[in-house]
Structures are given as structure tokens and as C-alpha cells.
Protein chains: 2
Amino acid sequence: MSATPYQQLEAEWRRLHAFRGALSLLRWDAAVMMPRGSADVRGEQVAALETEHHALLTAPKITRLLDRAQANAAGLEDWQLANLREMRRQRDHAIATPVMLISRLARATARAESHWMEARRQNNYALFAPHLEEVVLLVRDKAALLGQALNLPPYDALVDEYSPGITTADIDAIFRSLSRKLPTMTREVIAAQADQEQPPLSGRFAAGKQRALVVEVMKAIGFPFDRGRLDESEHPFTEGVSGDIRITTRFDAADPFTGLLGALHETGHAMYDLGMPQAWRDQPVGRDRGMALEESQSLLLEMIVGRSRAFVKYLQPLLVRHFVVSGPEWELEAIYKRLNRVTRGLIRVDADEMSYPLHVLQRYDIERQLLSGQLAVRDLQQVWDVGMEQRFGARPAGVTDGCLQDIHWALGSFGYFPSYVLGAVIAAQLWESLRAQVEGLDGQLARGEFGGLFDWLREHVHGFGAKLPVKELVKQATGHALGANALLRYLESKYLERKA
Amino acid sequence: MSATPYQQLEAEWRRLHAFRGALSLLRWDAAVMMPRGSADVRGEQVAALETEHHALLTAPKITRLLDRAQANAAGLEDWQLANLREMRRQRDHAIATPVMLISRLARATARAESHWMEARRQNNYALFAPHLEEVVLLVRDKAALLGQALNLPPYDALVDEYSPGITTADIDAIFRSLSRKLPTMTREVIAAQADQEQPPLSGRFAAGKQRALVVEVMKAIGFPFDRGRLDESEHPFTEGVSGDIRITTRFDAADPFTGLLGALHETGHAMYDLGMPQAWRDQPVGRDRGMALEESQSLLLEMIVGRSRAFVKYLQPLLVRHFVVSGPEWELEAIYKRLNRVTRGLIRVDADEMSYPLHVLQRYDIERQLLSGQLAVRDLQQVWDVGMEQRFGARPAGVTDGCLQDIHWALGSFGYFPSYVLGAVIAAQLWESLRAQVEGLDGQLARGEFGGLFDWLREHVHGFGAKLPVKELVKQATGHALGANALLRYLESKYLERKA
């Protein structure tokens, strides 16, 4: 019997999946293994594979098969129908963004990235501005084309790429709730923590020892080292595919926690990928449901679980054993407090979970104005500094702790920042349900047992892959609509140790 | 002005080059970095990229462009004409081997490889035979198809894949010369070396120290560590492309020489790739001129230069410094003798340069008979053991030091073995010319200066890429036709320390 149109589509996507896996390995290698001088060669390889991936995805054959499969959808299972919808979605996105635009954007962002670095070195925004201008113009084109194809406003179309089904209205509502509560709450917490001294930890923590500790924790979590790797890179990330998943972290010899928390964050991403049904693994329905969901999984592990009293109870003896340390600063409560210190720093990636959303709000406001043309690229630095003063009460000293602290815009990633806050919001909602439904969760975590946590996540989140839109998945998993309340409750009860 | 057909072809091949680079990285990663359990995932990625590479190469568009470029070849430069010829050659080879045959061969060789390992473990040839049978049948098909397309006998067509322009007649003539002289010469050398005791080296040589020594030597040779890497793998190899070249070696803690010699071998390959004209780098004319030439470059460095008195003079103080050793076994002449010991072992990869050709002759005879059907696969082990007895005076104890010592046939690499001997023959010819033309070469090598050596090689070999057929290149570089005389002169003068 010859293959049905739907079966042929599955075969086509198996091939596309293999291309994406190869591309992911090229990126992993570039960040972890590649000799410094070889970026040009790697750039050509990535461009060739991406172009071909785009060509395969937009080939007339795919459109024909999609139409024929749709017409014969009667016999398909639920997940296959979802798969068909995701195939069409990928195809639509690819067709809406012509390869010429993609390659112009690739060149412009490559230039912008190198000038971003130079502008940071020289603390001179003007060196970067013309290149960002070029990127903004191209992203505007892309947003307009995607918007037309998806029948969405341009910025919403970009958000939809990262988190399907989430609109600006959803994001605005969440930010409104957070903005109403967080500033006051942050002030209260800072005041409450004012009497807690936190001297820097003395001693050096060798990378080898940190790695051994991290590997032990990752093994307890269930990371499969026979089908995955842990390496070091300048910025932690997750690449690879289920079956060969690769995370990185960065060890700081003066601080034994950043490397661990970075690894927990990436392990959260990895466990999400690994939790998809095996049979869907090379199909669109077997992919993550976008960046908001991805961040919910990484933040849940890094921020909520990894900084909980229960986890610290598990961690404390490991720290003592691996680093051979003792003293009051290594007692459970001291470590817990160190990991949950709230400050009002100007750097997003160093922010605590309470001030983090305000950092994203700053970027969300600005990137929408840049994209609509309401804000000129040349005025970015000034608007940034004013915004920080209003939100955090201080102006950055330069561009490095100011408007050039993130690389996202240089890379053309507009519409991405909200994912971080959406992720935090979803993580808090999932955590509330987890605590209600998994009996003895705290005790399990304190013993380094993560089975209960991940069984629940697989059953309610991972196992659905891309089958449901984000909001539907959250509603089904938690019984509540996507919203900021759970996060606010979590923050209030944790940091002010009172019920909301 | 729009691009000419020839320019369009160059653009197509830039893309194919990027694909080949990506594939090479996937292979490098599989051998050096990949988690053990991920071979299935990697297999799918490699298959997808290879299939696409084949499709791009055999697309009707390429044929049209080749014809149009040929018709307008008047304005093309010499190297561009050669490039056009190499493009056509690649296309012809690809068209002659349908993708269905390639993928059947890929599956058959994957099965054969795992049964090769199992048969070695159990010392049972019968476990491997049926899988080799399948591979032989498919290779026979491939050889017939290639032979038809290239108008060559089947086995010659396979050899032509590896070393364009070399025929069975060339190989037979070389083996005849070698077979006439080598057995007697080997007996003489073994007798002459009989009184030289060689106790094993005492002590352990840590991989880190061996690596530091090897890196120092590779830097002196000119290996670009900003665009290349040295790693460890079970079997040494070279992957990557000019611009991101990656070699591996294997360190043996009991022996400080195998890791170094392995690295020298691979550095020879790497320097060949790096010596191509920069402007040709992503074009067919900018590739190596096949495996015989490749092996000539690796063997020249590993066997001739790396075991010469001049090189040992440079190496000896490095050994003393890196390993902090002393004693009679670390004196120059002792090291030289250790590196140039002739034995009659049964293992090809451990063979000295004098017995090496006989190992290849054994395989050359057998693989031609297997391919023609004159020898049945089931009789391989017996024929192997008889052949070894005749050639080396001893029978293997089992399959591991017998007919399953090499992986080549399991992988379908028939017609490859002669490259090793052709490489040794060419290396000796080049060495003769080098010594005649590069003044003070020995002194340079003794001081760790490799500029004179590689300037000459770039001018006479590397710089031609794939512009000339092998035999023409050798004639032009050395003034002599391809033949065994230089190798015999070299061996006689070196091992019997007399002029031939």
C-alpha cells in the first residue's frame, strides 16, 4: 500500500527535523567547540542549511500534500490533526517570510551583533544605532508580512512566532497586574531584608568541583547523560534534539551558585524537550509550545524549585561534600536567604524574580515603540535611561548596564522579551497546582527526588507537545486562565512570608 | 550584470561545499563529542543531509548550467576550466550512483559494522560473513554502474573515485616492483637490527603532557589553532574544512610516540587542505586530488619526516622537557632506532614502512577477487590466513589480528587500500625532490623549522588542488613518472644505510 498524503507529510517533516537537528548542532559547536577564527565558515554552513530548510518547507509539494491530507482528515487521530495544523502553521510562517528577507536579516543582524560588541567596548551607543536602524526596518517588514498572513497586528505576529495564541492584550493585562503590585511589594521586601547581612563567600570554587556537583544534581533530576551533554559557554543555553540534548552553563570560581542555577535553568528546557511523547519526536506536534512555555519550564526549575527551602535542604549537604566547606554561611537558612535576596539592580539577567518583570516591561514598551516608529532608534538610549530612572530609581552608568545590556535587538529578536514574564507567570501557576496535587512534594525535593515533580509536568505539560495553544494548555493544566495572580501570590507568600 | 552560467555554478558549489562542511562536522562530533546513545539521531541527520546533497548535485539545473558553461568556456581561466571539469566529474559520479543504492548501502554497511564488532568480540567470522555478503553485492552494483558511466572496468571505477586517473595497471606495476624487492630487504633489515635491544619504556606518559608536546610540534609545523582543533578519538582522523580543520589522535599512557605520530599523520592531511589556494576553497578544484595524494601528505609527515634523524634531533629535547625523562633510552640514536624498528607483525596499522606494502597487497588481491566473484565471501578467512602465511610466515591467531582487523570492507570501502601504498610511493618521490631542491632541509627540520618543507609542498602539490590528474601532478612535481623506485631507494638507503 502506498503512503497516504498525511504519511508522506510525516516523512517530509522527519527530514526537516533532521535538518533542524543538524543546524542545532552547528550552533552548539559554534558556541562551545569551534575555533574562534572559524565564524565565517560556520556562517556559510548555517545559511546553506537554513536556506534549504526554508526551500523544503515552502515547496509546492508540501502545499499539495497539506491540501490532500486535509481533505482526507477523517481517519486521523487527534494528535495527527494537531500535527497537520502545526505543519500548516510552519509552512504559513515560512511562506510569509521570503528567503530573501531572511538572508538580508541574517546579514544585518551579523553586522549589528559585531557593532553591538564594539559599542559596548567603547561605551558609545552611536556606533550601534545605524545598524540597529537597519535591523528594525527589516523586522518591521517581517512583522508586516507575518501580520498580513496571520491576520494579526505586526507586533502580535512577532509574539505569535514565539508563543502561539498569545496577544498583546494578554501581555498588557498581565503587566498591568504586575505593575500595580510589584513596586510596593519590592520596597517592602527590600526593607524587610535590610537587616540581613550577606558577606561574599570566601574561597575559590574550582570549575571541576562545581561541575561534579551540577552533574550529581542533573542526574538526580533525570537528565540522560547517555543521550546528552553538559558543557561550558559564555552564556548558558540548550541546543540539540530529544535523543541528543546539550546544555551549557558558566562557572564562576568566586560563586558556586550561578553555574548551578544556570544549569538548572537549561535542565528545565531539556526536560521539557525530553518529556514529549517519543512517537511525536520528529514531528511538529512533538515540539515545545513556544518560548513562554519553554521559559516556564526553565524558570520553574531555576527560580521556584531551585531557590525553595526544600531544594536547599537537598543541596546543602552536597555543597558541604563537594566543596568541603563549613561555617554559618553554609547553613541551610543562610543559603536560602542568599539565593532569595531582592535588589533593585539595573541588569536584567542578574535580577531577582521580583524585579525581573519590570526589566521586561521596560523592554516591551520600548520595542513596540521602535517597531511602530513612535520611537526613533537614535533616541533609544535617552528613553531607556529615563525609563530606568522611573522604574528603578537610578540611571545606568553607561550602555553596558544600560540599553546595550541585552543582545536580543541586535539579533532581530523583537517580541521575544515578553516570553520571560509569561514564563514566570505560567511557572507560578503550575507550581500552585503542583503543590496542591503532588502529595509530599516538599519532602521529595528535600530528599533530591524529582520523580513526582516531573511525572506531573509530563502528564500536564510536556506530554502535550504543541498539541494545544498556550492559553488552553495552561487552563487545562492549572484550572485557571493565564494571568498574573498566581505569581503575585507566590511572591507575596514567599518573600513576605504571609498569605496573599 | 547577471551571473554567467559558470558563475552560477560556482554559487551552487559554494552551497554544496557548505553542506559538505556541515556533514563533516556531524561526523567529527559523532566520533569526538556525541553521547554514546545518540547514534540513531545522528544517523538520521547525516542521511538527510547526504540525500539533499545528492539531490542538489544531480538536479537538472546543474546539468543545464554545465552544458551552457561548457559552450561559453572561451573566456574562462585555466583553473576555472579545471573547476568545470571537476564539477562535471562530481555530477557524473553522483548520477551514476542512484540515491536508492546509496541509502541501501548506508543501511547495509551500518549493519555490517555492528556485526563486524560482534564477530571480533566472539572471534567468529561466520557472524560477519552474511552482512559482508550483502555489502559486496551492493558495492558490485555500484562498481558496475560507475564503470559504465566512466567507461572503466568495475574495480578501476572504484579506485578512480579515490584517486582519479589511477588504474589497476598502475597499481599492479608498483606492486610488482615492491614484491620483487621488499621480502629480501625486510629479511636483511631484520637481521641487521637483531642485535638492537629495545626494552619497553618505563613510566607513564600523562595524556595532558603528551597533548602539550603534540600541540608544540603542530604549532611549529604551522597548524592554525585559531582555525582548527586537536582532540582525542579511538581512531585518529581529520575532518572539517579549510577554515575550520579538526584532527584527532589517540594517546597511549605507556607510549609517548603513537599519539604524536598519529597527530603528525593527521596534521599532514590538514596541511594539505590548508595549502589550497584560498580563492578555490569552496570549489571542486580546491579539493584534495584524492586519497593517494592525501596519504602521500600524511605519510610524508608521519613516516618519512617524523622518523628521520633530523626530526628526532628536534624532538629529543622536547621529550626530555615535557616528560622530564633521562637515560640511555632517551638519547637521540635510541629514539631514532625505536621509531624505525622493522618487524613482521600481522597488523597493518602497526606495521613499519617496509612491511606495510605487503599488508596492502594482501587486501588488494582479496578485494578484487571478492568483487569479481572469484572468491566467495564465506571463504575469506581461509584465503586470508593462507595469504598471511605466504607473505609473513605466520597465521593469525584469530579474526582480530586476521581478516577482521580492518573496518574498510564492512564500510563498503573497496578500492581504497591501494591508496595507502600509492601514498607511500608518492611520498618517497616527493621526499627525493625535496631533499634535492630545498637547501639545508635537514638542518631546518632539526631546528623545528618546517617552512622550507611546506613552501615546497605548497608550490608543487597543495597549490594545485584538484587541477591535475594524480599522475600528471606527480610527474610535474618530481620530474619522474609515478613508480616504486623512489620508495625502494629510500627504504634501502635508510634501513640498510647504503645507497641503492
# chains A, B, ... in the order shown; residues from 1 in each chain; ligands from 1

call {"tool": "closest_atom_pairs", "arguments": {"of": "chain A", "to": "chain B", "cutoff": "9 Å", "atoms": "only C-alpha atoms", "output": "Markdown table"}}
result
| residue | atom | partner | partner_atom | distance |
| --- | --- | --- | --- | --- |
| A:Arg14 | CA | B:Glu44 | CA | 8.7 |
| A:Arg15 | CA | B:Ala48 | CA | 5.8 |
| A:Leu16 | CA | B:Ala48 | CA | 8.3 |
| A:His17 | CA | B:Gln45 | CA | 8.3 |
| A:Ala18 | CA | B:Gln45 | CA | 4.5 |
| A:Phe19 | CA | B:Gln45 | CA | 6.4 |
| A:Arg20 | CA | B:Gln45 | CA | 8.7 |
| A:Gly21 | CA | B:Gln45 | CA | 6.8 |
| A:Ala22 | CA | B:Gln45 | CA | 6.0 |
| A:Leu23 | CA | B:Ala22 | CA | 8.5 |
| A:Leu25 | CA | B:Leu26 | CA | 7.7 |
| A:Leu26 | CA | B:Ala22 | CA | 7.3 |
| A:Asp29 | CA | B:Asp29 | CA | 8.6 |
| A:Met33 | CA | B:Arg229 | CA | 8.6 |
| A:Met34 | CA | B:Asp244 | CA | 7.7 |
| A:Pro35 | CA | B:Arg227 | CA | 5.2 |
| A:Arg36 | CA | B:Asp226 | CA | 5.7 |
| A:Gly37 | CA | B:Arg227 | CA | 5.1 |
| A:Ser38 | CA | B:Asp244 | CA | 5.5 |
| A:Ala39 | CA | B:Asp244 | CA | 8.8 |
| A:Asp40 | CA | B:Gly243 | CA | 8.3 |
| A:Val41 | CA | B:Gly243 | CA | 6.3 |
| A:Arg42 | CA | B:Ala22 | CA | 8.3 |
| A:Glu44 | CA | B:Ala18 | CA | 6.1 |
| A:Gln45 | CA | B:Ala18 | CA | 4.5 |
| A:Val46 | CA | B:Ala18 | CA | 8.0 |
| A:Ala47 | CA | B:Ala18 | CA | 8.5 |
| A:Ala48 | CA | B:Arg15 | CA | 5.8 |
| A:Leu49 | CA | B:Phe19 | CA | 7.1 |
| A:Glu52 | CA | B:Glu52 | CA | 8.7 |
| A:Phe225 | CA | B:Pro35 | CA | 7.1 |
| A:Asp226 | CA | B:Gly37 | CA | 5.3 |
| A:Arg227 | CA | B:Gly37 | CA | 5.1 |
| A:Gly228 | CA | B:Pro35 | CA | 5.8 |
| A:Arg229 | CA | B:Pro35 | CA | 6.8 |
| A:Val241 | CA | B:Val41 | CA | 8.4 |
| A:Ser242 | CA | B:Val41 | CA | 8.7 |
| A:Gly243 | CA | B:Ser38 | CA | 5.8 |
| A:Asp244 | CA | B:Ser38 | CA | 5.5 |

call {"tool": "residues_around", "arguments": {"residues": "Gly443 in chain A", "least_positions_apart": "3", "cutoff": "12 Å", "atoms": "only C-alpha atoms", "output": "CSV table (one decimal) with C-alpha atoms, in the first residue's frame"}}
result
chain,number,residue,atom,x,y,z
A,308,SER,CA,12.9,26.8,47.5
A,309,ARG,CA,13.7,25.7,51.1
A,310,ALA,CA,13.0,22.1,50.2
A,311,PHE,CA,15.6,22.1,47.4
A,312,VAL,CA,18.2,24.0,49.6
A,313,LYS,CA,17.7,21.2,52.1
A,314,TYR,CA,18.8,18.7,49.5
A,435,ARG,CA,1.8,21.8,45.4
A,438,VAL,CA,1.5,16.2,44.3
A,439,GLU,CA,1.4,14.9,47.9
A,440,GLY,CA,4.6,15.3,49.8
A,446,ALA,CA,14.3,17.8,50.1
A,447,ARG,CA,15.4,14.2,49.5
A,448,GLY,CA,16.6,15.0,46.0
A,449,GLU,CA,13.7,13.1,44.5
A,450,PHE,CA,12.3,14.7,41.4
A,451,GLY,CA,10.1,12.0,40.1
A,452,GLY,CA,6.8,13.4,41.5
A,453,LEU,CA,7.6,16.8,40.0

call {"tool": "residues_around", "arguments": {"residues": "Phe175 in chain A", "least_positions_apart": "6", "cutoff": "9 Å", "atoms": "only C-alpha atoms", "output": "PyMOL selection string"}}
result
chain A and resi 357-358+361+421+484

call {"tool": "write_last_selection", "arguments": {"atoms": "N, CA and C atoms", "output": "short mmCIF file (atom, residue, chain, number, x, y, z; two decimals), in the first residue's frame"}}
result
data_model
loop_
_atom_site.label_atom_id
_atom_site.label_comp_id
_atom_site.auth_asym_id
_atom_site.auth_seq_id
_atom_site.Cartn_x
_atom_site.Cartn_y
_atom_site.Cartn_z
N PRO A 357 10.18 41.20 36.25
CA PRO A 357 9.15 41.63 35.31
C PRO A 357 9.26 43.10 34.91
N LEU A 358 9.73 43.95 35.83
CA LEU A 358 9.86 45.37 35.48
C LEU A 358 10.94 45.59 34.41
N LEU A 361 9.21 44.75 31.24
CA LEU A 361 8.23 45.78 30.88
C LEU A 361 8.92 46.95 30.18
N VAL A 421 8.43 36.95 31.03
CA VAL A 421 7.43 37.21 32.07
C VAL A 421 6.28 36.22 31.96
N ALA A 484 -1.67 36.87 36.10
CA ALA A 484 -0.55 37.18 36.99
C ALA A 484 -0.82 36.82 38.45
#

call {"tool": "closest_residue", "arguments": {"among": "A:Lys494, A:His131, A:His265, A:Lys467", "to": "Glu77 in chain A", "atoms": "only C-alpha atoms"}}
result
A:Lys467

call {"tool": "residues_around", "arguments": {"residues": "His93 in chain A", "least_positions_apart": "6", "cutoff": "10 Å", "atoms": "only C-alpha atoms", "output": "PyMOL selection string"}}
result
chain A and resi 57-58+145-147+149-150+157+161

call {"tool": "residues_around", "arguments": {"residues": "Ile304 in chain A", "least_positions_apart": "6", "cutoff": "8 Å", "atoms": "only C-alpha atoms", "output": "count of residues only"}}
result
3

call {"tool": "atom_distance", "arguments": {"atom1": "CA of Leu182 in chain B", "atom2": "CA of Lys337 in chain B"}}
result
19.7 Å

call {"tool": "residues_around", "arguments": {"residues": "His322 in chain A", "least_positions_apart": "6", "cutoff": "12 Å", "atoms": "only C-alpha atoms", "output": "mmCIF file with N, CA and C atoms, in the first residue's frame"}}
result
data_model
loop_
_atom_site.group_PDB
_atom_site.id
_atom_site.type_symbol
_atom_site.label_atom_id
_atom_site.label_comp_id
_atom_site.auth_asym_id
_atom_site.auth_seq_id
_atom_site.Cartn_x
_atom_site.Cartn_y
_atom_site.Cartn_z
ATOM 1 N N PHE A 205 35.951 28.267 44.094
ATOM 2 C CA PHE A 205 35.220 27.026 43.846
ATOM 3 C C PHE A 205 35.605 26.526 42.451
ATOM 4 N N ALA A 206 36.513 25.559 42.434
ATOM 5 C CA ALA A 206 37.088 25.094 41.167
ATOM 6 C C ALA A 206 35.991 24.586 40.230
ATOM 7 N N ALA A 207 36.153 24.900 38.933
ATOM 8 C CA ALA A 207 35.153 24.524 37.936
ATOM 9 C C ALA A 207 34.895 23.012 37.965
ATOM 10 N N GLY A 208 35.957 22.230 38.150
ATOM 11 C CA GLY A 208 35.808 20.777 38.177
ATOM 12 C C GLY A 208 34.879 20.317 39.290
ATOM 13 N N LYS A 209 35.018 20.936 40.468
ATOM 14 C CA LYS A 209 34.162 20.570 41.585
ATOM 15 C C LYS A 209 32.724 21.043 41.356
ATOM 16 N N GLN A 210 32.590 22.252 40.816
ATOM 17 C CA GLN A 210 31.245 22.752 40.526
ATOM 18 C C GLN A 210 30.555 21.828 39.535
ATOM 19 N N ARG A 211 31.319 21.419 38.537
ATOM 20 C CA ARG A 211 30.761 20.526 37.533
ATOM 21 C C ARG A 211 30.295 19.214 38.148
ATOM 22 N N ALA A 212 31.105 18.650 39.031
ATOM 23 C CA ALA A 212 30.739 17.382 39.673
ATOM 24 C C ALA A 212 29.434 17.539 40.455
ATOM 25 N N LEU A 213 29.305 18.670 41.142
ATOM 26 C CA LEU A 213 28.073 18.928 41.892
ATOM 27 C C LEU A 213 26.875 19.035 40.946
ATOM 28 N N VAL A 214 27.057 19.820 39.889
ATOM 29 C CA VAL A 214 25.963 20.039 38.934
ATOM 30 C C VAL A 214 25.546 18.714 38.289
ATOM 31 N N VAL A 215 26.540 17.889 37.911
ATOM 32 C CA VAL A 215 26.221 16.602 37.289
ATOM 33 C C VAL A 215 25.414 15.738 38.257
ATOM 34 N N GLU A 216 25.802 15.758 39.532
ATOM 35 C CA GLU A 216 25.069 14.956 40.515
ATOM 36 C C GLU A 216 23.605 15.411 40.605
ATOM 37 N N VAL A 217 23.393 16.732 40.624
ATOM 38 C CA VAL A 217 22.025 17.259 40.689
ATOM 39 C C VAL A 217 21.251 16.916 39.412
ATOM 40 N N PRO A 256 29.610 29.663 43.850
ATOM 41 C CA PRO A 256 29.226 28.291 43.497
ATOM 42 C C PRO A 256 27.776 28.158 43.040
ATOM 43 N N LEU A 315 20.279 20.436 48.728
ATOM 44 C CA LEU A 315 21.521 20.970 48.173
ATOM 45 C C LEU A 315 22.607 21.148 49.231
ATOM 46 N N GLN A 316 22.203 21.581 50.416
ATOM 47 C CA GLN A 316 23.191 21.997 51.421
ATOM 48 C C GLN A 316 24.256 20.919 51.695
#

call {"tool": "select_by_dssp", "arguments": {"residues": "range 175-245 of chain A", "states": "helix (DSSP H, G or I)", "output": "PyMOL selection string"}}
result
chain A and resi 175-193+207-221+225-227

call {"tool": "atom_distance", "arguments": {"atom1": "CA of Gln148 in chain B", "atom2": "CA of Thr109 in chain B"}}
result
23.6 Å

call {"tool": "residues_around", "arguments": {"residues": "Val386 in chain B", "least_positions_apart": "6", "cutoff": "12 Å", "atoms": "only C-alpha atoms", "output": "list in words"}}
result
Gln362, Ile366, Asp379, Leu380, Phe392, Gly393, Ala394, Arg395, Pro396, Gly402 and Cys403 of chain B

call {"tool": "write_last_selection", "arguments": {"atoms": "N, CA and C atoms", "output": "compact mmCIF listing (two decimals), in the first residue's frame"}}
result
# COMPACT_ATOMS: atom_id res chain seq x y z
N GLN B 362 48.06 -7.91 0.18
CA GLN B 362 47.16 -8.97 0.64
C GLN B 362 45.69 -8.55 0.45
N ILE B 366 42.73 -9.76 -2.42
CA ILE B 366 41.49 -10.36 -1.93
C ILE B 366 40.27 -9.55 -2.35
N ASP B 379 34.63 -17.89 2.11
CA ASP B 379 36.00 -18.44 2.12
C ASP B 379 37.06 -17.41 2.49
N LEU B 380 36.61 -16.20 2.78
CA LEU B 380 37.56 -15.11 3.02
C LEU B 380 38.59 -15.43 4.10
N PHE B 392 53.90 -13.41 5.32
CA PHE B 392 54.56 -13.02 6.58
C PHE B 392 55.06 -14.20 7.39
N GLY B 393 54.82 -15.41 6.87
CA GLY B 393 55.37 -16.57 7.55
C GLY B 393 54.64 -16.95 8.82
N ALA B 394 53.44 -16.42 9.03
CA ALA B 394 52.70 -16.79 10.24
C ALA B 394 51.20 -16.62 10.01
N ARG B 395 50.42 -17.47 10.68
CA ARG B 395 48.98 -17.36 10.60
C ARG B 395 48.44 -16.54 11.76
N PRO B 396 47.40 -15.75 11.54
CA PRO B 396 46.79 -15.02 12.65
C PRO B 396 46.20 -15.99 13.66
N GLY B 402 43.47 -10.98 12.25
CA GLY B 402 43.37 -11.61 10.94
C GLY B 402 42.47 -10.82 10.02
N CYS B 403 41.50 -11.51 9.40
CA CYS B 403 40.75 -10.91 8.30
C CYS B 403 39.74 -9.85 8.76

call {"tool": "select_by_dssp", "arguments": {"residues": "range 68-302 of chain A", "states": "strand (DSSP E)", "output": "ChimeraX atom specification"}}
result
/A:228-232,238-241,244-249

call {"tool": "atom_distance", "arguments": {"atom1": "CA of Ile335 in chain A", "atom2": "CA of Gly203 in chain A"}}
result
15.7 Å
